[in-house]
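Comments concern the structure below.
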Amino acid sequence: MHSDPIPPICCEKPLRKDLNQSSSHWLAAVAIFLAILSPANAYSADDLPQAVRERFSKYCFDCHANGSAEGGFDFEKLATGQYGEDTRAKWETVWKNLRAQTMPPPEAESPSVEFRNASIHWIQQTVFDLNPNQIDPGHIVLRRLNRSEYQETIKLLTDVDFKVQEEFPADDTGYGFDTVGESLTLSPVLLEKYLAAAADIVAKFSQLEGPTAPEVSYWSDHWKSKSVDGPPSSKVTFDGNTQFHLVKKIELAGLYKFTVDWHLDNAWTSTKQDAKITLSVIDRLGKLCELDQQQSNFSAGPDGTLSAELKLPEGELHLVLDFQSTNSDSKTIEDPKKLNPYEFMLRRTTMVGPLDGSKMEYREPTRKVFFNGPPPKSTDSETTTSSEFQATVREHMKVVVKRFADLAFRRPIDEDSLNKLCDIGMRIANEPGKRYEHGASAAMQLILASPRFLYRVELPKSLQGLSQRELNAATPIDDYSLASRLSYLLWGGPPDEELTSDAASGVLHGRILEHFDRMTAKGKEHRLQRGIENFVGQWLRTRDVQQTQVDVKEILGIRDDGEADRIFSWKVRDAMAKETLQLYQYLITANRPAEELISARYSFLNEPLAKFYGVEGVHGDQMRKVELLPDTHRRGVLSHGSVLVVTSNPTRTSPVKRGLFLLENLLGTPAPPAPPNVPALEESKSGKLKNASLRQVLEFHRRDTACAGCHQRMDPLGLAMENFNAIGQWRDSEKGRRGYRGRAEEPDQPIDPSGKLMTGETFSSVDELAGILADKRKEDFYRCLTEKLFTFALGRGITYRDSIAIDLVVEHVKQDNGSLRTLYKSMITSVPFTHCRNPHASDKLTTH
Amino acid sequence: MINLMNRRNFLRASGLSVALPALPSLIRNSSATEVVASPLRLCYLYIPNGVNMQHWRPSGDSSSLTLNRSTASLDPFLQDIRFISGLTHQHAFAGKDGGGDHARANASFLTGVRAYKTAGSDIHLGVSADQVVAKKYNNVTRLRSLEMSCDGVRQSGGCDSGYACAYQFNIAWADERTPVAPESNPRLIFERLFGSGSHGERRDNFARRQASQLSMLDFLKDEVHRVNRQVGKEDKAKLEEYFTGIRDIETRIEKAEQFGLPQDPDYTTPAGIPASYGEHIRLNADVLALAFETDSTRVATFMFAHDGSNRAFKEINVGDGHHDLSHHKKDPERLEKIAKIDTFYCEQFAYFLSTLKSRKDSMGHSLLDNTMVVYGSGICDGDRHNHDDLPIIVAGGKAAGLGGGILHKVKDGTPMANLHVDLIHRMGVEIESFGDSTERLRML
């Protein structure tokens, strides 16, 4: 166990030690960055008004001081503390507006980026009193497993695929994610469902009838054709004869039962094709002994089974299946001109035995949980009720229950609870008509209903030699908590053995980056995929692609339902979600810059999606990396069908939704909601705006200064994507509306994707916009992604108190050329991710 | 506290008592409060995004009622319904809170309270009218209340304009911080009421499930206490939810001693969520009617959809999203489509009324006469996002003295909470005020 006292919290420590692959300039830059953040210039109350005046008068005081208090806000009142209890909230508003670049307003003189950043830092240190040497980890409210996490946890624990989508209600989300403790409520109805689910799941993997004779199955590829050493084969057509051979070793002599399943492939209509199939065994003298025989033809098919019971000695078993064609006429009976050749194929071969009970075991999936097999049997000298025998069985049960509880609780179970569970288990096992398996599974059912399974309980690391009161305000979480944080973040499921074992030895904090490498390496793709689906699925909303309602006929102006379904099939939708998810996963595993999500000139496609996009040369349903040529118009996530579809209305695109989506999810500067009582967006197309393009309508809208501030930020982004229709296909013009009851038909409008960002950059196409976002605005993107990832990983909203931790991550990413891996590594070693507030030293934190 | 021996004896016995005749009549005689009259029920049906008033608003006065195009399907129930026009939810208006009319409309509909604007932490609203009543009937029926919706899937990411999703997906609230989440799968609602399996097996299954729950309670209570000792103050509040759930199950098992096993209606267990939206609503409505018929609960809420729903209506050839359409900007094509959706919703409402009307409760009285059904939306016109002049219909409740065939016009700006006060009163709960109510609305 851990014996060294943990040094006082210092955020750069784990980073220095672990980010070893990075170059030294990277660390130097971080050191300088930290120096900038040091709290040297804490103010005294007297200098504040002066400091505020110096810093903010040039850009802000015209509207917010000297008697004018636009929006009800006066900087001088703020500086002199006249807002009382609201002071901090007002400062937060200033800080947010500066960061989002919503203030000063566009029509006023704008400060330089340097000045803006310096002011942001000034507020963080001086006003918020944030100390880079004592970062507040914040409080994570106890998190219930959400549906996805529950399903994955059960799957890895028991191999049972529990249908959470059907059985549990949708989880409430907070801050855009379903991992937020405060939003993950547990209603009485849901608790009932959890209890019922525990019972259902346990029933699925427990073999309540007790162990059975060993059963082995072989898939058809175990059969060889022609001879024992012939090529693996399990198929034959009716115009020839053949023999299949299967050789297996029998370890225990006894009575065995065999079944061989066969199938007629391609047997659509009836023909005269017929064959005699004979299952035989070659005995010790080399003689063929017939076991079972059938005719294989249309009326006996398409599925059949040959079976036999046979006493076998120890040693080699050689089965032969003989296929003798008796009629090869493949003319179909209804239409003699048509040929329909069948194919005879072997499927599963199952061997059960010995059947005399000399060896009994559990089947899959019982074996996964009941890993130590059936309980010992009583010997002749003891009775099942003797205390020695009961103790032996109990010991056996304790082993299986402990392992199950340790995995389910994601930390070792205490001896006291374990004994209670075994008491209950043994009591049930000894009830009349009940068996050992009933008892053990009752204990497991309780484990799956326990709050320790349903919630992610996190504890502070116990630190020897220091009382809790002597510790810092932030204290490391214990290694098991850290293992779960990491594995639910990356894999969306419980920790594996490697994580648990390092947690048990108390070394996980120091080895977290090695684990990150391991967990994102080859061989773990499937688990990583799950974690990414949870995060990206909600961040970029790929989870919604399949169910977003669209009216393809209306969008494409076609009439046929079948054609609409063919063009925009579920396969296309499926591939759209995968495209985005796989690009993100690739950026992690291939150590690419995060901004390639926006600027990549490659993507992940399969044939249905490539066809849908008009990209040539992709064949088959398998997704693969494809280089994109300029004429495909595709570049990065702005051109992904997933994003384009989920930000559209069912019949048309919505530049406002798209613009808002980019602001919120890529640039991290969400527009505030529209002010009250403003007419809705994309306003009336009547009157002088008749026949106007959407762009013109939005331009008209922006003349209203109440709307301009936000729409100047949203609209250019959304309008740049107008070349993609509501299902994400390229188009050159916007389709005019059909006529309706005297309303004249509107002409098609050419699309003009050009525009200018609030920050000044101009672009003439969505491709150029992607380039700008991934270059000039990439720091905004790093910050946005970091904030989203923090929210998802910690399951809480991000506040100004997290800004130092987030700034640090962003700085690391910048220094390492945007590496997405670095972003993850920096985040998982950050104070908020690895620490919790010390429950006994909360007074040490400056609470505001 | 429940006497443990009693519970266990009861359940042991209940496993055997399946062959006995149903017990409700015996039970009812033993509870002194209601013996003769049929019990009264209350239920709220919610439709999202307002309506196209031009085709929805009826004409008439306190003694006559003429239906409009969108609500024509209510014609067979003309004498069972009353429209109330002029009701308002002032707390659904933006005020200082900016955008988020759908979240506020949804949240204030049954609470009359302004939703505290937050994306996740500190959600704060108020108890809803149905839950005020549910509290009173907690010990009278098997289930305290029933919450349904048709929103099985949800959009990922955030909800309406900075409001936590809880506001937009729940209309029933047990208290300021606790939404009572609706269930959308009719199979699960049915099984919760009557047990799983097919007709004839359900009582056994119900008893078995309850026995299984009972056997788990003691251990799980120890578990929650153990975790409670390990965690901090904020987390204890979270665990309280778990503990409440445990107590709830205990209460229900205790009730089962009183009520015996549920009835086993001769009705096929729904297979799950049907592909057609209309069928989904009707199937849920069937189960809701069954719940009332068997007196399993007295109070229910049913959201046809959450406010802001952007559902498309393929079955009536409206491919556009409802929310998108509701911003109609007076465009005639859009308005027409909205009217079609309004008609569709109203037809489902009419289906529910016809089901209630054709059924008798366990006392042999008309279910519709003994059920007060409120149908409506927290938004009037989806384009203006206004929350006054709300489209509201109250149906049934003749036994509670409600008249029919009426257009009841109230003074503009009358809080909808005034209607809640009246209904709560009629359900036998004496309260002076509720939400932002100013007085009790006397229904005609």
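By order in the structure tokens, chains are A, B, ...; within a chain, residues start at 1; ligands start at 1, following the order shown.
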
Problem - Interface, chain A side, toward chain B (7 Å; only C-alpha atoms) as a PyMOL selection string - result: chain A and resi 141-142+169-170+172-177+182-183+186-188+191+195+446+450-451+538-539+541+543-544+549+551+649-651+673-676+683-684+740+839

Print the selection's residues with C-alpha atoms to a file, as a PDB file, in the first residue's frame.
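Done, and the output landed in again28.pdb:
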ATOM      1  CA  VAL A 141     -22.145  14.936  -7.192  1.00  0.00           C
ATOM      2  CA  LEU A 142     -22.534  11.171  -6.804  1.00  0.00           C
ATOM      3  CA  PRO A 169     -36.302   5.598 -19.246  1.00  0.00           C
ATOM      4  CA  ALA A 170     -34.006   8.056 -21.022  1.00  0.00           C
ATOM      5  CA  ASP A 172     -31.913  13.455 -18.069  1.00  0.00           C
ATOM      6  CA  THR A 173     -28.916  15.342 -19.338  1.00  0.00           C
ATOM      7  CA  GLY A 174     -27.238  18.363 -17.820  1.00  0.00           C
ATOM      8  CA  TYR A 175     -24.818  20.677 -19.628  1.00  0.00           C
ATOM      9  CA  GLY A 176     -25.366  18.533 -22.704  1.00  0.00           C
ATOM     10  CA  PHE A 177     -24.265  15.198 -21.267  1.00  0.00           C
ATOM     11  CA  GLU A 182     -27.091  16.301 -10.463  1.00  0.00           C
ATOM     12  CA  SER A 183     -29.251  15.503 -13.460  1.00  0.00           C
ATOM     13  CA  LEU A 186     -33.313   8.114  -9.414  1.00  0.00           C
ATOM     14  CA  SER A 187     -37.078   7.984  -9.172  1.00  0.00           C
ATOM     15  CA  PRO A 188     -38.885   5.270  -7.219  1.00  0.00           C
ATOM     16  CA  LEU A 191     -35.364   1.923  -8.601  1.00  0.00           C
ATOM     17  CA  LEU A 195     -34.451  -4.324  -8.885  1.00  0.00           C
ATOM     18  CA  LEU A 446     -28.460  -8.016  -4.327  1.00  0.00           C
ATOM     19  CA  SER A 450     -26.946  -2.121  -4.434  1.00  0.00           C
ATOM     20  CA  PRO A 451     -26.197   1.605  -4.533  1.00  0.00           C
ATOM     21  CA  GLN A 538     -23.573  13.735 -27.401  1.00  0.00           C
ATOM     22  CA  TRP A 539     -21.048  16.465 -28.097  1.00  0.00           C
ATOM     23  CA  ARG A 541     -24.885  14.584 -31.533  1.00  0.00           C
ATOM     24  CA  ARG A 543     -26.421   9.656 -31.467  1.00  0.00           C
ATOM     25  CA  ASP A 544     -29.298  11.500 -33.084  1.00  0.00           C
ATOM     26  CA  GLN A 549     -36.842  13.033 -38.754  1.00  0.00           C
ATOM     27  CA  ASP A 551     -38.749  14.396 -45.257  1.00  0.00           C
ATOM     28  CA  ASN A 649     -35.240  20.849 -39.872  1.00  0.00           C
ATOM     29  CA  PRO A 650     -37.164  17.930 -41.366  1.00  0.00           C
ATOM     30  CA  THR A 651     -37.806  19.685 -44.669  1.00  0.00           C
ATOM     31  CA  PRO A 673     -30.758  32.938 -26.181  1.00  0.00           C
ATOM     32  CA  ALA A 674     -32.728  35.453 -28.181  1.00  0.00           C
ATOM     33  CA  PRO A 675     -33.945  38.357 -26.065  1.00  0.00           C
ATOM     34  CA  PRO A 676     -37.589  38.196 -25.074  1.00  0.00           C
ATOM     35  CA  GLU A 683     -38.733  35.972 -40.237  1.00  0.00           C
ATOM     36  CA  SER A 684     -41.615  36.424 -42.522  1.00  0.00           C
ATOM     37  CA  TYR A 740     -49.596  26.996 -52.425  1.00  0.00           C
ATOM     38  CA  PRO A 839     -14.400  16.993   2.955  1.00  0.00           C
TER      39      PRO A 839
END

Handout entry: All helix (DSSP H, G or I) residues (DSSP, backbone) inside stretch 403-527 of chain A, as number ranges by chain
Key = A: 403-409, 415-429, 436-449, 451-454, 468-470, 479-490, 497-504, 508-519, 525-527

Practice task
For B:Ala350, work out the shell of residues within 10 Å, counting only C-alpha atoms and skipping chain neighbours fewer than 3 positions away, then give it as an MDAnalysis selection string.
Solution key: chainID B and resid 71:77 344:347 353:356

Go ahead and write the selection's residues with N, CA and C atoms as a PDB file, in the first residue's frame.
ATOM      1  N   THR B  71     -61.217  20.448 -33.818  1.00  0.00           N
ATOM      2  CA  THR B  71     -61.690  19.697 -32.660  1.00  0.00           C
ATOM      3  C   THR B  71     -63.005  18.973 -32.958  1.00  0.00           C
ATOM      4  N   ALA B  72     -63.325  18.876 -34.251  1.00  0.00           N
ATOM      5  CA  ALA B  72     -64.613  18.289 -34.649  1.00  0.00           C
ATOM      6  C   ALA B  72     -64.775  16.866 -34.139  1.00  0.00           C
ATOM      7  N   SER B  73     -63.663  16.164 -33.943  1.00  0.00           N
ATOM      8  CA  SER B  73     -63.761  14.773 -33.495  1.00  0.00           C
ATOM      9  C   SER B  73     -64.359  14.656 -32.092  1.00  0.00           C
ATOM     10  N   LEU B  74     -64.470  15.787 -31.394  1.00  0.00           N
ATOM     11  CA  LEU B  74     -65.036  15.743 -30.039  1.00  0.00           C
ATOM     12  C   LEU B  74     -66.557  15.792 -30.047  1.00  0.00           C
ATOM     13  N   ASP B  75     -67.124  15.874 -31.233  1.00  0.00           N
ATOM     14  CA  ASP B  75     -68.562  16.031 -31.343  1.00  0.00           C
ATOM     15  C   ASP B  75     -69.373  15.012 -30.531  1.00  0.00           C
ATOM     16  N   PRO B  76     -69.005  13.722 -30.557  1.00  0.00           N
ATOM     17  CA  PRO B  76     -69.801  12.761 -29.775  1.00  0.00           C
ATOM     18  C   PRO B  76     -69.778  13.056 -28.275  1.00  0.00           C
ATOM     19  N   PHE B  77     -68.855  13.891 -27.831  1.00  0.00           N
ATOM     20  CA  PHE B  77     -68.706  14.133 -26.390  1.00  0.00           C
ATOM     21  C   PHE B  77     -69.064  15.562 -26.022  1.00  0.00           C
ATOM     22  N   PHE B 344     -55.135  15.837 -35.546  1.00  0.00           N
ATOM     23  CA  PHE B 344     -54.610  14.517 -35.197  1.00  0.00           C
ATOM     24  C   PHE B 344     -54.595  14.326 -33.676  1.00  0.00           C
ATOM     25  N   TYR B 345     -54.036  15.307 -32.983  1.00  0.00           N
ATOM     26  CA  TYR B 345     -53.960  15.194 -31.522  1.00  0.00           C
ATOM     27  C   TYR B 345     -55.354  15.097 -30.912  1.00  0.00           C
ATOM     28  N   CYS B 346     -56.258  15.921 -31.438  1.00  0.00           N
ATOM     29  CA  CYS B 346     -57.595  15.942 -30.862  1.00  0.00           C
ATOM     30  C   CYS B 346     -58.309  14.605 -31.085  1.00  0.00           C
ATOM     31  N   GLU B 347     -58.021  13.975 -32.213  1.00  0.00           N
ATOM     32  CA  GLU B 347     -58.629  12.663 -32.469  1.00  0.00           C
ATOM     33  C   GLU B 347     -58.158  11.628 -31.456  1.00  0.00           C
ATOM     34  N   LEU B 353     -61.449   9.621 -24.706  1.00  0.00           N
ATOM     35  CA  LEU B 353     -62.754   9.896 -24.116  1.00  0.00           C
ATOM     36  C   LEU B 353     -63.738   8.776 -24.433  1.00  0.00           C
ATOM     37  N   SER B 354     -63.664   8.288 -25.662  1.00  0.00           N
ATOM     38  CA  SER B 354     -64.610   7.217 -26.025  1.00  0.00           C
ATOM     39  C   SER B 354     -64.323   5.972 -25.198  1.00  0.00           C
ATOM     40  N   THR B 355     -63.026   5.704 -24.936  1.00  0.00           N
ATOM     41  CA  THR B 355     -62.687   4.559 -24.103  1.00  0.00           C
ATOM     42  C   THR B 355     -63.257   4.728 -22.701  1.00  0.00           C
ATOM     43  N   LEU B 356     -63.072   5.914 -22.146  1.00  0.00           N
ATOM     44  CA  LEU B 356     -63.592   6.157 -20.798  1.00  0.00           C
ATOM     45  C   LEU B 356     -65.112   6.056 -20.773  1.00  0.00           C
TER      46      LEU B 356
END

Exercise for the section: Show which residues sit within 6 Å of stretch 102-108 of chain B, as a count of residues only. Count only C-alpha atoms, and ignore same-chain residues fewer than 4 positions away. Expected result: 10

Practice task
Name the residues of stretch 131-352 of chain B that come out as strand (DSSP E) in a backbone DSSP run; write them as JSON, numbers by chain.
Solution key: {"B": [146, 147, 148, 149, 173, 174, 175, 178, 179, 299, 300, 301, 302, 303, 312, 313, 318, 319, 320, 321]}

Practice task
Might you pull out every residue within 6 Å of A:Ser328, with only C-alpha atoms counted and same-chain residues fewer than 3 positions away left off, and present them as an NGL selection string?
Solution key: :A and (238-239 or 273)

Export C-alpha atoms of the chosen residues as an mmCIF file, in the first residue's frame?
data_model
loop_
_atom_site.group_PDB
_atom_site.id
_atom_site.type_symbol
_atom_site.label_atom_id
_atom_site.label_comp_id
_atom_site.auth_asym_id
_atom_site.auth_seq_id
_atom_site.Cartn_x
_atom_site.Cartn_y
_atom_site.Cartn_z
ATOM 1 C CA PHE A 238 -25.643 -31.774 -55.382
ATOM 2 C CA ASP A 239 -23.739 -32.710 -58.513
ATOM 3 C CA GLN A 273 -32.037 -32.331 -55.882
#

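Proximity to A:Leu663 at 7 Å, evaluated using only C-alpha atoms and with sequence-adjacent residues fewer than 6 positions away removed, yields A:Thr669, A:Pro670, A:Met714.
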
Exercise for the section: Write out as number ranges by chain which residues come within 9 Å of stretch 604-620 of chain A when counting only C-alpha atoms, dropping same-chain ones fewer than 5 positions away. Expected result: A: 567-569, 571-576, 578-580, 582-583, 625-629, 632, 634, 641, 728-730

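Checking A:Arg559, A:Arg731, A:His509, A:Lys58 one by one against A:Pro476, counting only C-alpha atoms, you find the shortest gap at A:His509.
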
Handout entry: d(atom CA of A:Tyr602, atom CA of A:Gly771) in Å
Key = 13.8 Å

Exercise for the section: Please indicate the distance in Å from atom CA of A:Lys377 to atom CA of A:Glu437, rounded to one decimal place. Expected result: 13.5 Å

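Taking atom CA of A:Asp517 and atom CA of A:Lys461 as the two end points, the separation is 23.9 Å.
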